[in-house]
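Everything on this sheet refers to the single structure shown next.
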Amino acid sequence: MKPNSIWNADLGNGSYRNPILYADYSDPDAIRVGGDYFMIASSFCNAPGLPLLHSKDLVNWKVVNYIISEIPEARYSAPIHGCGVWAPAIRYHEGTYFVCFPMPDEGIYMSTATDPFGTWTKPVNIRPGAGWIDPCPFWDDDGKAYLVAGVAKSRIGYKSVLHMVEMQPDGMGLIGEEVKIFDGNENGQETIEGPKMYKRNGWYYIFAPAGGVKTGWQTVLRSRNVFGPYEYKVVMRQGDSAVNGPHQGAWVDTVTGEDWFLHFQDVYAAGRIVHLQPMHWHEDWPIIGIAKDNEDKSCLDCGEPVMEYKKPDVGGTAAEVCEPDTSDDFTGRQLGLQWQWNANPQKEWYQLTGNGLKLHAVRRTTAYGDMPNLLLQKWPAPEFSCVTKLNLSQLADGEEAGVISMGMQYGLLTFRKNGGQLLPRFIKGEQKFGKILVETTEESVQELPGIDWKQAGEIYVKYTVERTGTQDLNSREKGFPLELVTLAYSTDGNSYSKAGEMNAVPGRWVGVKNGVFCCRAASEDRQDSGYAVVDYVRYERG
């Protein structure tokens with residue numbers, strides 16, 4: 001691990017450890033094009049959306065782009081927690097990169113690029129309407145194209161079913177009738193979803209997770225015909241490993257002929273982190289992880305996850321030891337790729353000055369956790385600390401800025417300008433969901449001692465995540481891995497006062513994020529506003 005690393009999987013001795021990314025890149029899909037690997041992940045209501053990661057060796061990854069700058073449809077100017085962009089697929093066909101993604105209330109979208117590092121096309125809704133999710137495009141040897149997808153019970157009334165439909169060869173529309181090709185309700189494959197389609201040795205394969213996010217397994221279907229019938233086999237379970245629910249991801253190969261599988265593990269507060277497993281073939285069935293027949297014969301020729309393994313043989317390609325960025329001094333012309341907004345952003349929210357990030361005081365009309373102008377990034381490790389330096393000298397009366405830990409239960413430390421004082425407050429919030437959307441949000445406020453304004457030009461906020469225990473995520477009893485979040489503040493960067501603490505709870509289908517904000521009360525309805533400057537955000541390994 002590099003000296004300044006927060007989390008890196010490369011052990012430096014030809015081996016790697018899992019997870020390769022201890023961050024919430026959920027529902028990953030990946031491809032190899034030449035010597036380059038590209039991976040994407042779901043992003044829900046956060047924007048920009050659909051992060052694109054790049055690697056040369058499947059172990060060291062960097063975020064290099066986003067597929068969409070904002071989420072399609074006007075309602076995402078506000079955070080619609082749990083909605084938006086669900087599990088996507090990425091494919092490469094005849095010189096074009098395709099990303100197909102679902103929005104469970106709006107439809108199935110397609111975006112393309114000839115340069116994955118450049119600008120992607122505006123998404124086209126190729127199947128308008130609610131209900132279908134987790135689409136994957138596939139181009140056959142004869143030039144015909146197809147789309148396989150799952151369904152969301154919350155939108156369509158049933159689950160555990162996969163559909164296939166012919167697709168236009170350019171990927172911009174669907175052709176013909178939709179065919180149900182697999183029903184997991186009939187064969188112990190409940191909650192089968194997230195299908196990814198491939199072809200090998202004349203077999204059509206669909207890799208699909210089943211059994212639920214925290215407790216599931218990886219299933220593979222195969223058929224000699226695109227529309228089936230498909231037989232199935234469970235190819236990876238948790239087994240004796242510590243990796244609960246190992247499933248949903250991508251089969252990729254190397255130029256040397258090795259096969260590998262990327263998948264996620266739900267670890268609760270930190271979200272769905274990414275693992276890399278070796279993959280082998282037996283009688284035209286894949287085995288993911290290490291083959292291990294268990295005693296009750298529920299997984300004959302079934303694999304279980306590895307925690308350490310030799311790195312993929314990528315044919316001598318040099319790969320930089322790296323990881324997604326975290327710390328930021330905001331000296332660039334654009335926001336770093338580690339940052340996402342809580343909803344579709346507006347230009348007037350912020351400005352990069354070359355000497356810090358200027359956050360304008362946006363009028364707040366909702367609970368803090370529902371503000372669209374929260375600037376957030378994913379947790380990068382199981383334990384870490386993050387110091388944010390704020391310059392609050394340009395706030396106007398009634399305006400405030402601070403640091404937030406964002407999940408369905410959230411906590412924030414905010415500093416409000418009030419005459420000659422800066423008034424710190426520690427606020428806890430809880431979002432209570434109905435079937436789909438937040439129905440109520442409750443907040444409690446703890447007032448902290450005021451700070452003389454003359455001493456408050458610069459404020460340092462320390463955000464610390466500490467593991468305090470572990471519980472079995474396979475258990476349906478209440479209780480999960482426990483992370484304690486602490487927020488503290490200082491006027492000199494040395495001596496900190498504790499503001500408050502809370503147990504971390506993830507967001508709606510996403511891990512906890514932390515970040516910054518600046519706002520003013522709804523009653524402050526003036527046209528101009530003050531602002532806060534974020535001088536830097538610095539992460540350290542816990």
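For the structure tokens, the naming scheme is as follows: chains receive sequential letters (A, B, ...) according to their order of presentation, residues are indexed from 1 within each chain, and ligands are indexed from 1 in presentation order.
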For this session: If you run DSSP over the backbone, which residues in stretch 311-500 of chain A end up strand (DSSP E)? Put them as a PyMOL selection string.
Result: chain A and resi 340-341+350-352+357-360+362-364+375-378+384-391+399-406+409-418+421-433+438-447+451-452+458-469+482-490+497-500
List as a PDB file with N, CA and C atoms, in the first residue's frame the protein and nucleic acid residues near stretch 404-417 of chain A, meaning an atom at most 8 Å away when only C-alpha atoms are counted, but skip any in the same chain fewer than 5 places from it.
```pdb
ATOM      1  N   GLY A 369     -31.089  17.127   4.921  1.00  0.00           N
ATOM      2  CA  GLY A 369     -30.778  15.959   4.107  1.00  0.00           C
ATOM      3  C   GLY A 369     -31.447  15.953   2.756  1.00  0.00           C
ATOM      4  N   LEU A 395     -19.859  35.038   4.892  1.00  0.00           N
ATOM      5  CA  LEU A 395     -21.263  34.739   5.136  1.00  0.00           C
ATOM      6  C   LEU A 395     -21.997  35.999   5.573  1.00  0.00           C
ATOM      7  N   ALA A 396     -23.227  36.150   5.135  1.00  0.00           N
ATOM      8  CA  ALA A 396     -24.090  37.222   5.622  1.00  0.00           C
ATOM      9  C   ALA A 396     -24.902  36.708   6.801  1.00  0.00           C
ATOM     10  N   ASP A 397     -25.503  37.621   7.552  1.00  0.00           N
ATOM     11  CA  ASP A 397     -26.326  37.218   8.692  1.00  0.00           C
ATOM     12  C   ASP A 397     -27.413  36.236   8.265  1.00  0.00           C
ATOM     13  N   GLY A 398     -27.576  35.166   9.047  1.00  0.00           N
ATOM     14  CA  GLY A 398     -28.577  34.151   8.772  1.00  0.00           C
ATOM     15  C   GLY A 398     -28.098  33.048   7.848  1.00  0.00           C
ATOM     16  N   GLU A 399     -26.906  33.187   7.298  1.00  0.00           N
ATOM     17  CA  GLU A 399     -26.361  32.160   6.411  1.00  0.00           C
ATOM     18  C   GLU A 399     -25.486  31.202   7.202  1.00  0.00           C
ATOM     19  N   LEU A 422     -20.570  33.395  15.504  1.00  0.00           N
ATOM     20  CA  LEU A 422     -20.802  32.238  14.658  1.00  0.00           C
ATOM     21  C   LEU A 422     -21.392  31.169  15.568  1.00  0.00           C
ATOM     22  N   LEU A 423     -22.584  30.684  15.230  1.00  0.00           N
ATOM     23  CA  LEU A 423     -23.301  29.763  16.116  1.00  0.00           C
ATOM     24  C   LEU A 423     -23.220  28.337  15.579  1.00  0.00           C
ATOM     25  N   PRO A 424     -22.423  27.478  16.220  1.00  0.00           N
ATOM     26  CA  PRO A 424     -22.348  26.077  15.793  1.00  0.00           C
ATOM     27  C   PRO A 424     -23.583  25.303  16.282  1.00  0.00           C
ATOM     28  N   ARG A 425     -24.035  24.355  15.461  1.00  0.00           N
ATOM     29  CA  ARG A 425     -25.119  23.458  15.851  1.00  0.00           C
ATOM     30  C   ARG A 425     -24.819  22.062  15.307  1.00  0.00           C
ATOM     31  N   PHE A 426     -25.103  21.065  16.130  1.00  0.00           N
ATOM     32  CA  PHE A 426     -25.011  19.675  15.679  1.00  0.00           C
ATOM     33  C   PHE A 426     -26.437  19.182  15.489  1.00  0.00           C
ATOM     34  N   ILE A 427     -26.735  18.739  14.265  1.00  0.00           N
ATOM     35  CA  ILE A 427     -28.102  18.368  13.899  1.00  0.00           C
ATOM     36  C   ILE A 427     -28.122  16.920  13.442  1.00  0.00           C
ATOM     37  N   LYS A 428     -29.087  16.173  13.970  1.00  0.00           N
ATOM     38  CA  LYS A 428     -29.326  14.809  13.510  1.00  0.00           C
ATOM     39  C   LYS A 428     -30.654  14.763  12.764  1.00  0.00           C
ATOM     40  N   GLY A 429     -30.682  13.976  11.703  1.00  0.00           N
ATOM     41  CA  GLY A 429     -31.907  13.811  10.936  1.00  0.00           C
ATOM     42  C   GLY A 429     -32.167  12.362  10.608  1.00  0.00           C
ATOM     43  N   GLU A 430     -33.440  12.036  10.401  1.00  0.00           N
ATOM     44  CA  GLU A 430     -33.817  10.677  10.015  1.00  0.00           C
ATOM     45  C   GLU A 430     -34.906  10.750   8.949  1.00  0.00           C
ATOM     46  N   GLN A 431     -34.638  10.098   7.814  1.00  0.00           N
ATOM     47  CA  GLN A 431     -35.620  10.002   6.735  1.00  0.00           C
ATOM     48  C   GLN A 431     -36.433   8.722   6.924  1.00  0.00           C
ATOM     49  N   LYS A 432     -37.753   8.858   6.908  1.00  0.00           N
ATOM     50  CA  LYS A 432     -38.635   7.709   7.040  1.00  0.00           C
ATOM     51  C   LYS A 432     -39.348   7.501   5.714  1.00  0.00           C
ATOM     52  N   VAL A 485     -19.618   7.699  13.724  1.00  0.00           N
ATOM     53  CA  VAL A 485     -19.226   8.941  13.069  1.00  0.00           C
ATOM     54  C   VAL A 485     -19.133  10.041  14.117  1.00  0.00           C
ATOM     55  N   LEU A 487     -18.068  14.211  14.714  1.00  0.00           N
ATOM     56  CA  LEU A 487     -17.782  15.522  14.137  1.00  0.00           C
ATOM     57  C   LEU A 487     -17.229  16.433  15.222  1.00  0.00           C
ATOM     58  N   ALA A 499     -18.338  17.977  18.643  1.00  0.00           N
ATOM     59  CA  ALA A 499     -19.679  18.533  18.459  1.00  0.00           C
ATOM     60  C   ALA A 499     -20.755  17.471  18.672  1.00  0.00           C
ATOM     61  N   GLU A 501     -21.805  12.860  17.867  1.00  0.00           N
ATOM     62  CA  GLU A 501     -21.495  11.591  17.241  1.00  0.00           C
ATOM     63  C   GLU A 501     -22.787  10.847  16.943  1.00  0.00           C
ATOM     64  N   MET A 502     -22.689   9.834  16.074  1.00  0.00           N
ATOM     65  CA  MET A 502     -23.859   9.040  15.707  1.00  0.00           C
ATOM     66  C   MET A 502     -23.403   7.725  15.096  1.00  0.00           C
ATOM     67  N   ALA A 504     -23.611   5.178  12.120  1.00  0.00           N
ATOM     68  CA  ALA A 504     -23.862   5.397  10.705  1.00  0.00           C
ATOM     69  C   ALA A 504     -24.944   4.455  10.187  1.00  0.00           C
ATOM     70  N   VAL A 505     -25.831   4.994   9.369  1.00  0.00           N
ATOM     71  CA  VAL A 505     -26.884   4.234   8.694  1.00  0.00           C
ATOM     72  C   VAL A 505     -26.834   4.628   7.224  1.00  0.00           C
ATOM     73  N   PRO A 506     -26.845   3.665   6.296  1.00  0.00           N
ATOM     74  CA  PRO A 506     -26.712   4.024   4.877  1.00  0.00           C
ATOM     75  C   PRO A 506     -27.911   4.792   4.365  1.00  0.00           C
ATOM     76  N   GLY A 507     -27.751   5.337   3.149  1.00  0.00           N
ATOM     77  CA  GLY A 507     -28.863   5.973   2.481  1.00  0.00           C
ATOM     78  C   GLY A 507     -29.748   4.944   1.803  1.00  0.00           C
ATOM     79  N   ARG A 508     -30.689   5.411   0.999  1.00  0.00           N
ATOM     80  CA  ARG A 508     -31.615   4.528   0.297  1.00  0.00           C
ATOM     81  C   ARG A 508     -30.892   3.875  -0.871  1.00  0.00           C
ATOM     82  N   VAL A 510     -27.821   3.284  -1.088  1.00  0.00           N
ATOM     83  CA  VAL A 510     -26.461   3.818  -1.241  1.00  0.00           C
ATOM     84  C   VAL A 510     -25.763   3.847   0.108  1.00  0.00           C
ATOM     85  N   GLY A 511     -24.418   3.851   0.075  1.00  0.00           N
ATOM     86  CA  GLY A 511     -23.652   3.978   1.291  1.00  0.00           C
ATOM     87  C   GLY A 511     -23.661   5.404   1.815  1.00  0.00           C
ATOM     88  N   VAL A 512     -23.169   5.561   3.026  1.00  0.00           N
ATOM     89  CA  VAL A 512     -23.043   6.895   3.613  1.00  0.00           C
ATOM     90  C   VAL A 512     -22.050   7.717   2.794  1.00  0.00           C
ATOM     91  N   LYS A 513     -22.375   8.984   2.609  1.00  0.00           N
ATOM     92  CA  LYS A 513     -21.469   9.931   1.976  1.00  0.00           C
ATOM     93  C   LYS A 513     -21.202  11.066   2.952  1.00  0.00           C
ATOM     94  N   ASN A 514     -20.085  11.758   2.769  1.00  0.00           N
ATOM     95  CA  ASN A 514     -19.818  12.945   3.573  1.00  0.00           C
ATOM     96  C   ASN A 514     -19.422  14.089   2.656  1.00  0.00           C
ATOM     97  N   GLY A 515     -19.672  15.305   3.109  1.00  0.00           N
ATOM     98  CA  GLY A 515     -19.367  16.437   2.254  1.00  0.00           C
ATOM     99  C   GLY A 515     -19.721  17.765   2.891  1.00  0.00           C
ATOM    100  N   VAL A 516     -19.926  18.775   2.057  1.00  0.00           N
ATOM    101  CA  VAL A 516     -20.046  20.161   2.509  1.00  0.00           C
ATOM    102  C   VAL A 516     -21.317  20.795   1.932  1.00  0.00           C
ATOM    103  N   PHE A 517     -21.698  21.932   2.533  1.00  0.00           N
ATOM    104  CA  PHE A 517     -22.872  22.661   2.070  1.00  0.00           C
ATOM    105  C   PHE A 517     -22.789  24.105   2.547  1.00  0.00           C
TER     106      PHE A 517
END
```
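For the choices A:Lys180, A:Lys358, A:Lys62, A:Arg363, the atom-to-atom distance to A:Gln338 is smallest for A:Lys62 when using only C-alpha atoms.
Our summary of the geometry notes that atom CA of A:Val85 is positioned 9.6 Å from atom CA of A:Tyr109.
With only C-alpha atoms as the atoms that count, the minimum distance from A:Pro88 to the choices A:Ala9, A:Val148, A:Leu174, A:Leu335 is reached by A:Val148.
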The residue from A:Pro345, A:Ile40, A:Gly332, A:Lys311 with the smallest atom-to-atom distance to A:Asn13, counting only C-alpha atoms, is A:Lys311
Do a neighbour search on A:Val179 at 10 Å with only C-alpha atoms, toss out local chain neighbours closer than 3 positions, and write the hits as a PDB file with N, CA and C atoms, in the first residue's frame.
```pdb
ATOM      1  N   VAL A 148     -31.597  -7.819 -22.466  1.00  0.00           N
ATOM      2  CA  VAL A 148     -32.152  -8.613 -21.375  1.00  0.00           C
ATOM      3  C   VAL A 148     -32.302  -7.698 -20.169  1.00  0.00           C
ATOM      4  N   LEU A 162     -36.899 -12.429 -15.618  1.00  0.00           N
ATOM      5  CA  LEU A 162     -36.042 -11.819 -16.626  1.00  0.00           C
ATOM      6  C   LEU A 162     -36.743 -11.856 -17.981  1.00  0.00           C
ATOM      7  N   HIS A 163     -36.608 -10.746 -18.725  1.00  0.00           N
ATOM      8  CA  HIS A 163     -37.197 -10.637 -20.059  1.00  0.00           C
ATOM      9  C   HIS A 163     -36.102 -10.425 -21.105  1.00  0.00           C
ATOM     10  N   MET A 164     -36.392 -10.862 -22.332  1.00  0.00           N
ATOM     11  CA  MET A 164     -35.512 -10.644 -23.479  1.00  0.00           C
ATOM     12  C   MET A 164     -36.322 -10.001 -24.594  1.00  0.00           C
ATOM     13  N   VAL A 165     -35.687  -9.057 -25.313  1.00  0.00           N
ATOM     14  CA  VAL A 165     -36.337  -8.430 -26.452  1.00  0.00           C
ATOM     15  C   VAL A 165     -35.267  -8.091 -27.480  1.00  0.00           C
ATOM     16  N   GLU A 166     -35.622  -8.187 -28.761  1.00  0.00           N
ATOM     17  CA  GLU A 166     -34.671  -7.790 -29.790  1.00  0.00           C
ATOM     18  C   GLU A 166     -34.493  -6.275 -29.767  1.00  0.00           C
ATOM     19  N   GLY A 176     -39.973  -5.774 -31.828  1.00  0.00           N
ATOM     20  CA  GLY A 176     -40.713  -7.004 -31.583  1.00  0.00           C
ATOM     21  C   GLY A 176     -41.226  -7.148 -30.165  1.00  0.00           C
ATOM     22  N   PHE A 182     -37.035 -16.331 -18.022  1.00  0.00           N
ATOM     23  CA  PHE A 182     -36.695 -17.032 -16.783  1.00  0.00           C
ATOM     24  C   PHE A 182     -37.540 -16.478 -15.657  1.00  0.00           C
ATOM     25  N   PHE A 227     -33.613 -16.848 -26.922  1.00  0.00           N
ATOM     26  CA  PHE A 227     -34.870 -16.747 -26.191  1.00  0.00           C
ATOM     27  C   PHE A 227     -35.142 -17.970 -25.312  1.00  0.00           C
ATOM     28  N   GLY A 228     -34.149 -18.853 -25.179  1.00  0.00           N
ATOM     29  CA  GLY A 228     -34.269 -19.981 -24.279  1.00  0.00           C
ATOM     30  C   GLY A 228     -34.838 -21.217 -24.948  1.00  0.00           C
TER      31      GLY A 228
END
```
I want to know what sits within 6 Å of A:Lys389, based on only C-alpha atoms, with residues of the same chain fewer than 3 positions away left out; could you give that as a PDB file with all heavy atoms, in the first residue's frame?
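For reference, out_24.pdb as written:
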```pdb
ATOM      1  N   ILE A 459     -12.504  27.947  10.024  1.00  0.00           N
ATOM      2  CA  ILE A 459     -13.006  26.860  10.855  1.00  0.00           C
ATOM      3  C   ILE A 459     -12.528  25.540  10.258  1.00  0.00           C
ATOM      4  O   ILE A 459     -12.572  25.341   9.041  1.00  0.00           O
ATOM      5  CB  ILE A 459     -14.547  26.872  10.921  1.00  0.00           C
ATOM      6  CG1 ILE A 459     -15.054  28.091  11.686  1.00  0.00           C
ATOM      7  CG2 ILE A 459     -15.078  25.590  11.563  1.00  0.00           C
ATOM      8  CD1 ILE A 459     -14.801  28.047  13.175  1.00  0.00           C
ATOM      9  N   TYR A 460     -12.082  24.651  11.112  1.00  0.00           N
ATOM     10  CA  TYR A 460     -11.674  23.307  10.700  1.00  0.00           C
ATOM     11  C   TYR A 460     -12.691  22.314  11.266  1.00  0.00           C
ATOM     12  O   TYR A 460     -13.007  22.356  12.455  1.00  0.00           O
ATOM     13  CB  TYR A 460     -10.287  22.964  11.236  1.00  0.00           C
ATOM     14  CG  TYR A 460      -9.196  23.910  10.794  1.00  0.00           C
ATOM     15  CD1 TYR A 460      -9.028  25.145  11.419  1.00  0.00           C
ATOM     16  CD2 TYR A 460      -8.329  23.574   9.758  1.00  0.00           C
ATOM     17  CE1 TYR A 460      -8.017  26.023  11.032  1.00  0.00           C
ATOM     18  CE2 TYR A 460      -7.324  24.436   9.359  1.00  0.00           C
ATOM     19  CZ  TYR A 460      -7.175  25.658  10.004  1.00  0.00           C
ATOM     20  OH  TYR A 460      -6.178  26.519   9.607  1.00  0.00           O
ATOM     21  N   VAL A 534     -14.418  26.634   0.730  1.00  0.00           N
ATOM     22  CA  VAL A 534     -13.784  25.397   1.190  1.00  0.00           C
ATOM     23  C   VAL A 534     -12.344  25.431   0.712  1.00  0.00           C
ATOM     24  O   VAL A 534     -12.072  25.315  -0.487  1.00  0.00           O
ATOM     25  CB  VAL A 534     -14.517  24.156   0.641  1.00  0.00           C
ATOM     26  CG1 VAL A 534     -13.926  22.892   1.263  1.00  0.00           C
ATOM     27  CG2 VAL A 534     -16.005  24.245   0.906  1.00  0.00           C
ATOM     28  N   ASP A 535     -11.411  25.659   1.642  1.00  0.00           N
ATOM     29  CA  ASP A 535      -9.997  25.739   1.275  1.00  0.00           C
ATOM     30  C   ASP A 535      -9.451  24.377   0.865  1.00  0.00           C
ATOM     31  O   ASP A 535      -8.707  24.262  -0.103  1.00  0.00           O
ATOM     32  CB  ASP A 535      -9.178  26.296   2.435  1.00  0.00           C
ATOM     33  CG  ASP A 535      -9.396  27.791   2.631  1.00  0.00           C
ATOM     34  OD1 ASP A 535      -9.810  28.457   1.660  1.00  0.00           O
ATOM     35  OD2 ASP A 535      -9.169  28.297   3.735  1.00  0.00           O
ATOM     36  N   TYR A 536      -9.799  23.342   1.629  1.00  0.00           N
ATOM     37  CA  TYR A 536      -9.356  21.991   1.278  1.00  0.00           C
ATOM     38  C   TYR A 536     -10.161  20.956   2.049  1.00  0.00           C
ATOM     39  O   TYR A 536     -10.822  21.261   3.050  1.00  0.00           O
ATOM     40  CB  TYR A 536      -7.860  21.788   1.544  1.00  0.00           C
ATOM     41  CG  TYR A 536      -7.404  21.973   2.978  1.00  0.00           C
ATOM     42  CD1 TYR A 536      -7.706  21.027   3.967  1.00  0.00           C
ATOM     43  CD2 TYR A 536      -6.636  23.075   3.352  1.00  0.00           C
ATOM     44  CE1 TYR A 536      -7.264  21.180   5.276  1.00  0.00           C
ATOM     45  CE2 TYR A 536      -6.193  23.240   4.657  1.00  0.00           C
ATOM     46  CZ  TYR A 536      -6.510  22.287   5.612  1.00  0.00           C
ATOM     47  OH  TYR A 536      -6.080  22.442   6.905  1.00  0.00           O
TER      48      TYR A 536
END
```
If you take only C-alpha atoms and a cut-off of 12 Å, which residues of stretch 215-253 of chain A touch stretch 274-278 of chain A, and what are their nearest atom pairs and distances in Å to one decimal, in chain and number order, as a Markdown table?
```
| residue | atom | partner | partner_atom | distance |
| --- | --- | --- | --- | --- |
| A:Val235 | CA | A:Gln277 | CA | 11.9 |
| A:Met236 | CA | A:Gln277 | CA | 10.0 |
| A:Val243 | CA | A:His275 | CA | 9.3 |
| A:Asn244 | CA | A:His275 | CA | 11.6 |
| A:Gly245 | CA | A:His275 | CA | 11.5 |
| A:Pro246 | CA | A:His275 | CA | 8.5 |
| A:His247 | CA | A:His275 | CA | 9.5 |
| A:Gln248 | CA | A:Val274 | CA | 10.0 |
| A:Gly249 | CA | A:Val274 | CA | 9.0 |
| A:Ala250 | CA | A:Leu276 | CA | 9.6 |
| A:Trp251 | CA | A:Gln277 | CA | 9.6 |
| A:Val252 | CA | A:Pro278 | CA | 10.1 |
| A:Asp253 | CA | A:Pro278 | CA | 10.0 |
```
Keeping only N, CA and C atoms, write the selected residues as a PDB file, in the first residue's frame.
```pdb
ATOM      1  N   VAL A 235     -23.203 -20.542  -9.167  1.00  0.00           N
ATOM      2  CA  VAL A 235     -21.766 -20.670  -9.423  1.00  0.00           C
ATOM      3  C   VAL A 235     -20.906 -20.015  -8.344  1.00  0.00           C
ATOM      4  N   MET A 236     -21.514 -19.246  -7.426  1.00  0.00           N
ATOM      5  CA  MET A 236     -20.748 -18.673  -6.301  1.00  0.00           C
ATOM      6  C   MET A 236     -21.690 -18.407  -5.137  1.00  0.00           C
ATOM      7  N   VAL A 243     -17.522 -13.000   3.068  1.00  0.00           N
ATOM      8  CA  VAL A 243     -18.135 -12.119   2.069  1.00  0.00           C
ATOM      9  C   VAL A 243     -19.607 -12.489   1.903  1.00  0.00           C
ATOM     10  N   ASN A 244     -20.483 -11.778   2.608  1.00  0.00           N
ATOM     11  CA  ASN A 244     -21.917 -12.041   2.495  1.00  0.00           C
ATOM     12  C   ASN A 244     -22.437 -11.576   1.134  1.00  0.00           C
ATOM     13  N   GLY A 245     -23.454 -12.280   0.641  1.00  0.00           N
ATOM     14  CA  GLY A 245     -24.133 -11.883  -0.591  1.00  0.00           C
ATOM     15  C   GLY A 245     -23.236 -11.634  -1.774  1.00  0.00           C
ATOM     16  N   PRO A 246     -22.257 -12.488  -2.077  1.00  0.00           N
ATOM     17  CA  PRO A 246     -21.345 -12.169  -3.185  1.00  0.00           C
ATOM     18  C   PRO A 246     -22.026 -12.371  -4.537  1.00  0.00           C
ATOM     19  N   HIS A 247     -22.340 -11.273  -5.224  1.00  0.00           N
ATOM     20  CA  HIS A 247     -23.016 -11.415  -6.511  1.00  0.00           C
ATOM     21  C   HIS A 247     -23.147 -10.063  -7.198  1.00  0.00           C
ATOM     22  N   GLN A 248     -23.654 -10.117  -8.417  1.00  0.00           N
ATOM     23  CA  GLN A 248     -23.929  -8.994  -9.318  1.00  0.00           C
ATOM     24  C   GLN A 248     -22.661  -8.315  -9.785  1.00  0.00           C
ATOM     25  N   GLY A 249     -22.331  -8.559 -11.033  1.00  0.00           N
ATOM     26  CA  GLY A 249     -21.131  -7.943 -11.551  1.00  0.00           C
ATOM     27  C   GLY A 249     -20.839  -8.320 -12.981  1.00  0.00           C
ATOM     28  N   ALA A 250     -19.551  -8.477 -13.278  1.00  0.00           N
ATOM     29  CA  ALA A 250     -19.117  -8.572 -14.667  1.00  0.00           C
ATOM     30  C   ALA A 250     -18.055  -9.648 -14.851  1.00  0.00           C
ATOM     31  N   TRP A 251     -18.220 -10.435 -15.908  1.00  0.00           N
ATOM     32  CA  TRP A 251     -17.178 -11.344 -16.357  1.00  0.00           C
ATOM     33  C   TRP A 251     -16.296 -10.591 -17.343  1.00  0.00           C
ATOM     34  N   VAL A 252     -14.991 -10.574 -17.057  1.00  0.00           N
ATOM     35  CA  VAL A 252     -14.015  -9.984 -17.975  1.00  0.00           C
ATOM     36  C   VAL A 252     -12.861 -10.963 -18.144  1.00  0.00           C
ATOM     37  N   ASP A 253     -12.129 -10.818 -19.242  1.00  0.00           N
ATOM     38  CA  ASP A 253     -10.962 -11.671 -19.477  1.00  0.00           C
ATOM     39  C   ASP A 253      -9.709 -10.811 -19.602  1.00  0.00           C
TER      40      ASP A 253
END
```
**OP:** Skip stretch 104-107 of chain A itself and residues of its chain fewer than 3 positions away, then list as a ChimeraX atom specification all residues within 6 Å of it, counting only C-alpha atoms.
**Re:** /A:127-131,133
